[in-house]
file run24.cif (mmCIF, C-alpha atoms)
data_my_file
loop_
_atom_site.group_PDB
_atom_site.id
_atom_site.type_symbol
_atom_site.label_atom_id
_atom_site.label_comp_id
_atom_site.auth_asym_id
_atom_site.auth_seq_id
_atom_site.Cartn_x
_atom_site.Cartn_y
_atom_site.Cartn_z
ATOM 1 C CA MET A 57 99.696 44.641 60.787
ATOM 2 C CA ASN A 58 95.893 44.541 60.661
ATOM 3 C CA LEU A 59 94.557 48.089 61.086
ATOM 4 C CA ASN A 60 91.145 46.681 61.992
ATOM 5 C CA HIS A 61 92.569 45.665 65.373
ATOM 6 C CA LEU A 62 93.994 49.068 66.336
ATOM 7 C CA HIS A 63 92.580 51.532 68.848
ATOM 8 C CA PHE A 64 93.912 55.081 68.524
ATOM 9 C CA HIS A 65 94.581 57.823 71.053
ATOM 10 C CA ILE A 66 95.172 61.354 69.776
ATOM 11 C CA HIS A 67 97.697 63.436 71.702
ATOM 12 C CA TYR A 68 97.111 66.631 69.755
ATOM 13 C CA CYS A 69 96.560 68.154 66.303
ATOM 14 C CA ASN A 70 98.304 71.130 64.773
ATOM 15 C CA SER A 71 98.074 73.224 61.622
ATOM 16 C CA LYS A 72 99.558 76.259 59.895
ATOM 17 C CA GLN A 73 97.706 77.865 57.026
ATOM 18 C CA PRO A 74 98.265 81.126 55.097
ATOM 19 C CA ASN A 75 97.269 84.256 56.999
ATOM 20 C CA ASP A 76 96.142 82.384 60.127
ATOM 21 C CA GLY A 77 98.478 84.466 62.282
ATOM 22 C CA LYS A 78 100.144 81.462 63.934
ATOM 23 C CA GLN A 79 103.789 81.849 64.904
ATOM 24 C CA LEU A 80 105.724 78.581 64.963
ATOM 25 C CA ARG A 81 109.352 77.869 65.672
ATOM 26 C CA SER A 82 111.453 77.999 62.523
ATOM 27 C CA SER A 83 113.523 74.966 63.535
ATOM 28 C CA ILE A 84 112.305 71.831 65.328
ATOM 29 C CA ARG A 85 114.570 68.872 66.144
ATOM 30 C CA ARG A 86 113.044 65.937 67.958
ATOM 31 C CA THR A 87 112.470 62.208 68.274
ATOM 32 C CA LEU A 88 108.903 61.337 69.194
ATOM 33 C CA THR A 89 107.778 58.505 71.441
ATOM 34 C CA HIS A 90 104.481 58.417 69.532
ATOM 35 C CA HIS A 91 103.519 58.779 65.850
ATOM 36 C CA GLU A 92 102.750 61.760 63.626
ATOM 37 C CA LEU A 93 101.095 62.262 60.248
ATOM 38 C CA LEU A 94 101.918 65.590 58.575
ATOM 39 C CA LEU A 95 100.467 66.825 55.287
ATOM 40 C CA VAL A 96 102.187 69.762 53.568
ATOM 41 C CA THR A 97 99.667 72.136 51.977
ATOM 42 C CA GLY A 98 102.072 74.914 50.922
ATOM 43 C CA GLY A 99 105.004 77.088 51.917
ATOM 44 C CA LYS A 100 108.719 76.427 51.848
ATOM 45 C CA GLY A 101 111.179 74.587 54.034
ATOM 46 C CA SER A 102 112.653 71.157 54.553
ATOM 47 C CA ILE A 103 112.074 68.057 56.633
ATOM 48 C CA THR A 104 114.982 65.780 57.459
ATOM 49 C CA LEU A 105 114.142 62.186 58.336
ATOM 50 C CA ASP A 106 117.002 60.208 59.852
ATOM 51 C CA ARG A 107 119.630 62.415 58.104
ATOM 52 C CA LYS A 108 117.813 62.455 54.736
ATOM 53 C CA LYS A 109 116.829 66.042 53.896
ATOM 54 C CA LEU A 110 113.752 66.651 51.741
ATOM 55 C CA LEU A 111 112.632 70.014 50.389
ATOM 56 C CA VAL A 112 108.904 70.192 50.995
ATOM 57 C CA GLN A 113 106.266 70.658 48.329
ATOM 58 C CA GLU A 114 102.494 70.730 48.409
ATOM 59 C CA GLY A 115 101.000 67.266 48.656
ATOM 60 C CA MET A 116 103.842 65.670 50.606
ATOM 61 C CA LEU A 117 102.556 63.346 53.331
ATOM 62 C CA PHE A 118 104.993 62.409 56.087
ATOM 63 C CA TYR A 119 104.573 59.504 58.483
ATOM 64 C CA ILE A 120 106.964 60.111 61.369
ATOM 65 C CA HIS A 121 106.886 56.957 63.442
ATOM 66 C CA ALA A 122 107.989 56.631 67.053
ATOM 67 C CA GLY A 123 111.767 56.711 67.479
ATOM 68 C CA LEU A 124 112.519 58.373 64.122
ATOM 69 C CA PRO A 125 114.873 61.391 64.520
ATOM 70 C CA HIS A 126 113.721 64.318 62.384
ATOM 71 C CA HIS A 127 114.295 68.025 61.822
ATOM 72 C CA ILE A 128 111.679 70.465 60.498
ATOM 73 C CA GLN A 129 113.099 73.701 59.062
ATOM 74 C CA MET A 130 110.695 76.527 58.154
ATOM 75 C CA ASP A 131 111.407 79.222 55.585
ATOM 76 C CA GLU A 132 111.295 82.535 57.448
ATOM 77 C CA THR A 133 109.312 84.457 54.810
ATOM 78 C CA ASP A 134 107.111 81.608 53.518
ATOM 79 C CA PRO A 135 106.851 78.990 56.307
ATOM 80 C CA ILE A 136 105.533 75.491 55.706
ATOM 81 C CA CYS A 137 101.738 75.234 55.749
ATOM 82 C CA PHE A 138 100.485 71.895 57.031
ATOM 83 C CA TYR A 139 98.043 69.756 58.954
ATOM 84 C CA SER A 140 99.375 67.281 61.503
ATOM 85 C CA VAL A 141 98.084 64.793 64.048
ATOM 86 C CA HIS A 142 100.086 63.150 66.854
ATOM 87 C CA PHE A 143 98.801 59.791 68.067
ATOM 88 C CA SER A 144 99.510 56.433 69.677
ATOM 89 C CA TYR A 145 97.736 53.119 69.220
ATOM 90 C CA ALA A 146 97.253 49.730 70.823
ATOM 91 C CA GLY A 147 96.098 46.419 69.430
ATOM 92 C CA ILE A 148 92.653 45.270 70.596
ATOM 93 C CA ARG A 149 91.143 41.956 69.518
ATOM 94 C CA PHE A 150 87.825 40.250 70.201
ATOM 95 C CA ASP A 151 87.998 36.506 69.580
ATOM 96 C CA ASP A 152 85.659 33.792 70.837
ATOM 97 C CA GLY A 153 84.064 36.177 73.304
ATOM 98 C CA ASN A 154 87.366 37.323 74.825
ATOM 99 C CA TRP A 155 89.039 40.729 74.627
ATOM 100 C CA SER A 156 92.821 41.028 74.421
ATOM 101 C CA ILE A 157 94.765 44.279 74.576
ATOM 102 C CA GLY A 158 98.419 44.686 73.670
ATOM 103 C CA GLN A 159 100.848 47.527 73.118
ATOM 104 C CA GLU A 160 101.592 47.765 69.390
ATOM 105 C CA THR A 161 105.275 48.361 68.681
ATOM 106 C CA GLU A 162 105.053 47.741 64.945
ATOM 107 C CA ARG A 163 104.834 50.853 62.759
ATOM 108 C CA LEU A 164 101.896 51.517 60.468
ATOM 109 C CA PRO A 165 102.194 50.148 56.910
ATOM 110 C CA LEU A 166 102.914 53.594 55.459
ATOM 111 C CA PRO A 167 106.054 55.039 53.822
ATOM 112 C CA SER A 168 107.926 57.751 55.691
ATOM 113 C CA MET A 169 107.101 60.142 52.844
ATOM 114 C CA GLN A 170 104.834 60.026 49.829
ATOM 115 C CA VAL A 171 103.669 62.666 47.388
ATOM 116 C CA LEU A 172 99.907 62.636 46.920
ATOM 117 C CA GLN A 173 98.621 63.291 43.426
ATOM 118 C CA ASN A 174 95.083 64.726 43.535
ATOM 119 C CA GLY A 175 94.969 64.051 47.264
ATOM 120 C CA TYR A 176 92.006 66.322 47.943
ATOM 121 C CA LEU A 177 90.092 63.634 49.876
ATOM 122 C CA VAL A 178 93.059 63.137 52.200
ATOM 123 C CA GLU A 179 93.411 66.894 52.711
ATOM 124 C CA ASP A 180 89.678 67.224 53.354
ATOM 125 C CA ALA A 181 89.812 64.451 55.973
ATOM 126 C CA PHE A 182 92.782 66.209 57.604
ATOM 127 C CA ARG A 183 90.950 69.545 57.576
ATOM 128 C CA ARG A 184 87.864 68.090 59.248
ATOM 129 C CA LEU A 185 89.999 66.291 61.839
ATOM 130 C CA ALA A 186 91.852 69.498 62.747
ATOM 131 C CA ALA A 187 88.621 71.518 62.877
ATOM 132 C CA ALA A 188 87.045 69.020 65.290
ATOM 133 C CA TRP A 189 90.146 69.150 67.502
ATOM 134 C CA PHE A 190 90.383 72.935 67.649
ATOM 135 C CA THR A 191 86.673 73.642 68.226
ATOM 136 C CA LYS A 192 86.630 71.274 71.236
ATOM 137 C CA LEU A 193 82.865 70.737 71.166
ATOM 138 C CA PRO A 194 81.417 68.141 73.585
ATOM 139 C CA GLY A 195 82.427 64.674 72.452
ATOM 140 C CA TYR A 196 85.369 65.954 70.386
ATOM 141 C CA GLU A 197 87.597 63.109 71.604
ATOM 142 C CA LEU A 198 85.313 60.523 70.005
ATOM 143 C CA LEU A 199 84.847 62.648 66.889
ATOM 144 C CA THR A 200 88.580 63.181 66.355
ATOM 145 C CA ARG A 201 89.348 59.514 66.940
ATOM 146 C CA ALA A 202 86.835 58.634 64.237
ATOM 147 C CA GLY A 203 88.361 61.402 62.106
ATOM 148 C CA LEU A 204 91.812 59.836 62.405
ATOM 149 C CA GLU A 205 90.457 56.472 61.302
ATOM 150 C CA GLN A 206 88.750 58.167 58.342
ATOM 151 C CA LEU A 207 92.017 59.905 57.481
ATOM 152 C CA LEU A 208 93.941 56.617 57.529
ATOM 153 C CA TYR A 209 91.264 55.052 55.341
ATOM 154 C CA GLU A 210 91.561 57.858 52.779
ATOM 155 C CA ILE A 211 95.367 57.565 52.800
ATOM 156 C CA LEU A 212 95.265 53.813 52.186
ATOM 157 C CA VAL A 213 92.614 54.074 49.471
ATOM 158 C CA HIS A 214 94.570 56.861 47.773
ATOM 159 C CA ALA A 215 97.715 54.724 47.853
ATOM 160 C CA GLN A 216 95.834 51.900 46.173
ATOM 161 C CA ARG A 217 94.620 54.250 43.453
ATOM 162 C CA GLN A 218 98.120 55.598 42.836
ATOM 163 C CA ASN A 219 99.614 52.136 42.823
ATOM 164 C CA GLN A 220 100.154 50.484 39.464
ATOM 165 C CA ASN A 221 98.167 47.503 40.809
ATOM 166 C CA HIS A 222 94.997 49.576 41.050
ATOM 167 C CA ALA A 223 93.409 47.131 38.623
ATOM 168 C CA VAL A 224 93.897 44.379 41.203
ATOM 169 C CA ALA A 225 92.217 46.521 43.897
ATOM 170 C CA LEU A 226 89.229 46.909 41.586
ATOM 171 C CA LYS A 227 89.088 43.132 41.209
ATOM 172 C CA VAL A 228 89.045 42.719 44.986
ATOM 173 C CA GLU A 229 86.110 45.149 45.102
ATOM 174 C CA LYS A 230 84.378 43.103 42.404
ATOM 175 C CA VAL A 231 84.840 39.934 44.477
ATOM 176 C CA ILE A 232 83.325 41.616 47.539
ATOM 177 C CA GLN A 233 80.359 42.848 45.523
ATOM 178 C CA TYR A 234 79.857 39.326 44.145
ATOM 179 C CA MET A 235 79.949 37.962 47.694
ATOM 180 C CA ARG A 236 77.284 40.439 48.808
ATOM 181 C CA GLU A 237 75.031 39.355 45.923
ATOM 182 C CA HIS A 238 75.487 35.630 46.684
ATOM 183 C CA LEU A 239 75.344 35.399 50.486
ATOM 184 C CA GLY A 240 73.148 32.329 50.276
ATOM 185 C CA GLU A 241 75.677 30.320 48.293
ATOM 186 C CA ARG A 242 78.836 28.402 49.165
ATOM 187 C CA LEU A 243 81.400 30.177 47.064
ATOM 188 C CA THR A 244 84.858 28.710 46.590
ATOM 189 C CA LEU A 245 88.177 30.482 46.185
ATOM 190 C CA ALA A 246 88.580 28.866 42.783
ATOM 191 C CA GLU A 247 85.202 30.222 41.652
ATOM 192 C CA LEU A 248 86.026 33.749 42.817
ATOM 193 C CA SER A 249 89.464 33.593 41.213
ATOM 194 C CA GLU A 250 87.922 32.616 37.896
ATOM 195 C CA LEU A 251 85.463 35.507 38.225
ATOM 196 C CA VAL A 252 88.276 38.091 38.212
ATOM 197 C CA HIS A 253 90.800 36.115 36.107
ATOM 198 C CA LEU A 254 93.432 35.808 38.846
ATOM 199 C CA SER A 255 95.161 32.748 40.249
ATOM 200 C CA THR A 256 93.905 31.533 43.622
ATOM 201 C CA TYR A 257 97.291 32.359 45.156
ATOM 202 C CA TYR A 258 97.369 35.915 43.787
ATOM 203 C CA LEU A 259 93.755 36.639 44.738
ATOM 204 C CA SER A 260 94.314 35.311 48.268
ATOM 205 C CA ARG A 261 97.366 37.514 48.755
ATOM 206 C CA ALA A 262 95.794 40.634 47.215
ATOM 207 C CA PHE A 263 92.568 40.173 49.165
ATOM 208 C CA LYS A 264 94.382 39.821 52.504
ATOM 209 C CA GLN A 265 96.558 42.870 51.781
ATOM 210 C CA THR A 266 93.499 44.956 50.865
ATOM 211 C CA THR A 267 91.002 43.928 53.556
ATOM 212 C CA GLY A 268 93.062 42.393 56.341
ATOM 213 C CA PHE A 269 90.975 39.201 56.080
ATOM 214 C CA THR A 270 91.236 36.007 54.092
ATOM 215 C CA VAL A 271 88.614 35.496 51.383
ATOM 216 C CA ILE A 272 86.655 32.976 53.461
ATOM 217 C CA GLU A 273 86.891 35.062 56.658
ATOM 218 C CA TYR A 274 85.467 38.076 54.847
ATOM 219 C CA PHE A 275 82.674 36.077 53.219
ATOM 220 C CA ASN A 276 81.692 34.606 56.586
ATOM 221 C CA LYS A 277 81.824 38.099 58.102
ATOM 222 C CA LEU A 278 79.303 39.326 55.508
ATOM 223 C CA LYS A 279 77.111 36.290 56.200
ATOM 224 C CA ILE A 280 77.138 36.907 59.959
ATOM 225 C CA ASP A 281 76.271 40.589 59.469
ATOM 226 C CA LYS A 282 73.298 39.486 57.352
ATOM 227 C CA ALA A 283 72.363 36.844 59.938
ATOM 228 C CA LYS A 284 72.164 39.504 62.659
ATOM 229 C CA GLU A 285 69.808 41.527 60.476
ATOM 230 C CA LEU A 286 67.580 38.489 59.941
ATOM 231 C CA ILE A 287 67.561 37.614 63.656
ATOM 232 C CA LEU A 288 66.566 41.174 64.565
ATOM 233 C CA GLU A 289 64.105 41.882 61.775
ATOM 234 C CA SER A 290 62.369 38.562 61.063
ATOM 235 C CA ASP A 291 60.711 35.669 62.846
ATOM 236 C CA LYS A 292 62.857 33.049 61.119
ATOM 237 C CA LYS A 293 64.359 30.227 63.136
ATOM 238 C CA ILE A 294 68.121 29.984 63.545
ATOM 239 C CA LYS A 295 68.157 26.799 61.488
ATOM 240 C CA ASP A 296 66.336 28.508 58.602
ATOM 241 C CA ILE A 297 68.679 31.505 58.708
ATOM 242 C CA ALA A 298 71.698 29.198 58.560
ATOM 243 C CA LEU A 299 70.291 27.421 55.508
ATOM 244 C CA GLU A 300 69.335 30.711 53.846
ATOM 245 C CA LEU A 301 72.930 31.920 54.188
ATOM 246 C CA GLY A 302 74.434 28.774 52.712
ATOM 247 C CA PHE A 303 75.770 27.085 55.833
ATOM 248 C CA ALA A 304 75.867 23.315 55.706
ATOM 249 C CA ASP A 305 74.231 22.962 59.122
ATOM 250 C CA GLU A 306 73.056 24.977 62.099
ATOM 251 C CA PHE A 307 75.968 23.879 64.305
ATOM 252 C CA TYR A 308 78.694 25.113 61.962
ATOM 253 C CA PHE A 309 76.791 28.390 61.567
ATOM 254 C CA SER A 310 76.622 28.751 65.362
ATOM 255 C CA ARG A 311 80.381 28.171 65.689
ATOM 256 C CA ILE A 312 81.174 30.861 63.129
ATOM 257 C CA PHE A 313 78.650 33.236 64.720
ATOM 258 C CA LYS A 314 80.104 32.784 68.209
ATOM 259 C CA ARG A 315 83.654 33.218 66.938
ATOM 260 C CA THR A 316 82.650 36.596 65.502
ATOM 261 C CA GLU A 317 80.171 37.904 68.090
ATOM 262 C CA GLY A 318 81.306 36.167 71.282
ATOM 263 C CA MET A 319 77.885 34.548 71.738
ATOM 264 C CA SER A 320 75.713 32.004 69.959
ATOM 265 C CA PRO A 321 72.853 33.092 67.659
ATOM 266 C CA SER A 322 70.286 32.093 70.295
ATOM 267 C CA GLU A 323 72.144 34.100 72.962
ATOM 268 C CA PHE A 324 72.301 37.054 70.572
ATOM 269 C CA TYR A 325 68.542 36.806 70.035
ATOM 270 C CA SER A 326 67.838 36.607 73.791
ATOM 271 C CA LYS A 327 70.108 39.491 74.744
ATOM 272 C CA ILE A 328 69.505 41.865 71.868
ATOM 273 C CA VAL A 329 65.843 41.233 71.115
ATOM 274 C CA HIS A 330 64.565 40.466 74.610
ATOM 275 C CA GLY A 331 67.340 41.958 76.736
ATOM 276 C CA VAL A 332 67.644 38.739 78.767
#
call {"tool": "encode", "arguments": {"input": "run24.cif", "output": "structure tokens"}}
result
Amino acid sequence: MNLNHLHFHIHYCNSKQPNDGKQLRSSIRRTLTHHELLLVTGGKGSITLDRKKLLVQEGMLFYIHAGLPHHIQMDETDPICFYSVHFSYAGIRFDDGNWSIGQETERLPLPSMQVLQNGYLVEDAFRRLAAAWFTKLPGYELLTRAGLEQLLYEILVHAQRQNQNHAVALKVEKVIQYMREHLGERLTLAELSELVHLSTYYLSRAFKQTTGFTVIEYFNKLKIDKAKELILESDKKIKDIALELGFADEFYFSRIFKRTEGMSPSEFYSKIVHGV
């Protein structure tokens, strides 16, 4: 699943913190038709996922996907403290100028439970998401949707840091930085693999798992982002921009640009710069 293609809808957020005065049911049995992320921040109790009972502890992050039977049991004197968000999502793609929307039935690439070590960035993202939901200021729907995406980003980054292959994630970051510094060149997979001392096969797999794009797709994406800047901020011709960014010819550059933006570079210039 490529998270870049998902659009999220938040059903509601919830939280229970020490001394907040909230009274919640001590026992909850249910099977959701949507998804839930729940971060334990304290208290006592248990959460049973599909007949597997787990005693909660601070730092536990639960991903309760649609259709998963579960039971939340609160301790009566020291109930579970938590942040949670309930949401659904659909797949939305933009390819060659066409939008496609589909109902996503695949679950997110997250474990049902993980224990976060030093997960303060995840907790902070959860706290800000819940605060935006509860204050209900104008535009809160957009703000909370962005907050959920930020939360998922922090969860995935944290997982990478906890993973024993963190060194590989750092190498992927090094490749991306090298790409950004050499946008005008025609880099090869073999060259990038040699840069980080990985085989081409291993780098390709690690890069796709980390970014959701192949190495070449990501490099072209960076080039197109730079091309849009040059079109908007300079008087350079399309042909000169293509050459500056290392494309063999203007026509190949235009094909890649249209595949990404849904319009040719000249159409982009006319519509964005002149509003034609």
call {"tool": "closest_residue", "arguments": {"input": "run24.cif", "among": "A:Val112, A:Leu172, A:Leu166, A:Ile66", "to": "A:Leu199", "atoms": "only C-alpha atoms"}}
result
A:Ile66
call {"tool": "atom_distance", "arguments": {"input": "run24.cif", "atom1": "atom CA of A:Leu117", "atom2": "atom CA of A:Leu207"}}
result
11.8 Å
call {"tool": "resolve_selection", "arguments": {"input": "run24.cif", "expression": "the PyMOL selection byres ((chain A and resi 221-237) around 10)", "output": "number ranges by chain"}}
result
A: 213-220, 238-243, 248-249, 251-254, 258-260, 262-267, 271, 274-276, 278-279, 282
call {"tool": "resolve_selection", "arguments": {"input": "run24.cif", "expression": "the PyMOL selection byres ((chain A and resi 106) around 9)", "output": "short mmCIF file (atom, residue, chain, number, x, y, z; two decimals) with C-alpha atoms, in the coordinates of the input"}}
result
data_model
loop_
_atom_site.label_atom_id
_atom_site.label_comp_id
_atom_site.auth_asym_id
_atom_site.auth_seq_id
_atom_site.Cartn_x
_atom_site.Cartn_y
_atom_site.Cartn_z
CA THR A 104 114.98 65.78 57.46
CA LEU A 105 114.14 62.19 58.34
CA ARG A 107 119.63 62.42 58.10
CA LYS A 108 117.81 62.46 54.74
CA LYS A 109 116.83 66.04 53.90
CA LEU A 124 112.52 58.37 64.12
CA PRO A 125 114.87 61.39 64.52
CA HIS A 126 113.72 64.32 62.38
CA HIS A 127 114.30 68.03 61.82
#
call {"tool": "closest_residue", "arguments": {"input": "run24.cif", "among": "A:Leu95, A:Ile328, A:Ala186, A:Met319", "to": "A:Asp152", "atoms": "only C-alpha atoms"}}
result
A:Met319
call {"tool": "resolve_selection", "arguments": {"input": "run24.cif", "expression": "the PyMOL selection byres ((chain A and resi 143) around 8)", "output": "PyMOL selection string"}}
result
chain A and resi 64-68+90-92+141-142+144-145
call {"tool": "write_last_selection", "arguments": {"input": "run24.cif", "atoms": "C-alpha atoms", "output": "PDB file, in the frame of the given file"}}
result
ATOM      1  CA  PHE A  64      93.912  55.081  68.524  1.00  0.00           C
ATOM      2  CA  HIS A  65      94.581  57.823  71.053  1.00  0.00           C
ATOM      3  CA  ILE A  66      95.172  61.354  69.776  1.00  0.00           C
ATOM      4  CA  HIS A  67      97.697  63.436  71.702  1.00  0.00           C
ATOM      5  CA  TYR A  68      97.111  66.631  69.755  1.00  0.00           C
ATOM      6  CA  HIS A  90     104.481  58.417  69.532  1.00  0.00           C
ATOM      7  CA  HIS A  91     103.519  58.779  65.850  1.00  0.00           C
ATOM      8  CA  GLU A  92     102.750  61.760  63.626  1.00  0.00           C
ATOM      9  CA  VAL A 141      98.084  64.793  64.048  1.00  0.00           C
ATOM     10  CA  HIS A 142     100.086  63.150  66.854  1.00  0.00           C
ATOM     11  CA  SER A 144      99.510  56.433  69.677  1.00  0.00           C
ATOM     12  CA  TYR A 145      97.736  53.119  69.220  1.00  0.00           C
TER      13      TYR A 145
END
call {"tool": "closest_residue", "arguments": {"input": "run24.cif", "among": "A:Leu185, A:Ile128, A:Ile136, A:Leu245", "to": "A:Thr200", "atoms": "only C-alpha atoms"}}
result
A:Leu185
call {"tool": "atom_distance", "arguments": {"input": "run24.cif", "atom1": "atom CA of A:Ile312", "atom2": "atom CA of A:Phe150"}}
result
13.5 Å
call {"tool": "atom_distance", "arguments": {"input": "run24.cif", "atom1": "atom CA of A:Asn70", "atom2": "atom CA of A:Ala187"}}
result
9.9 Å
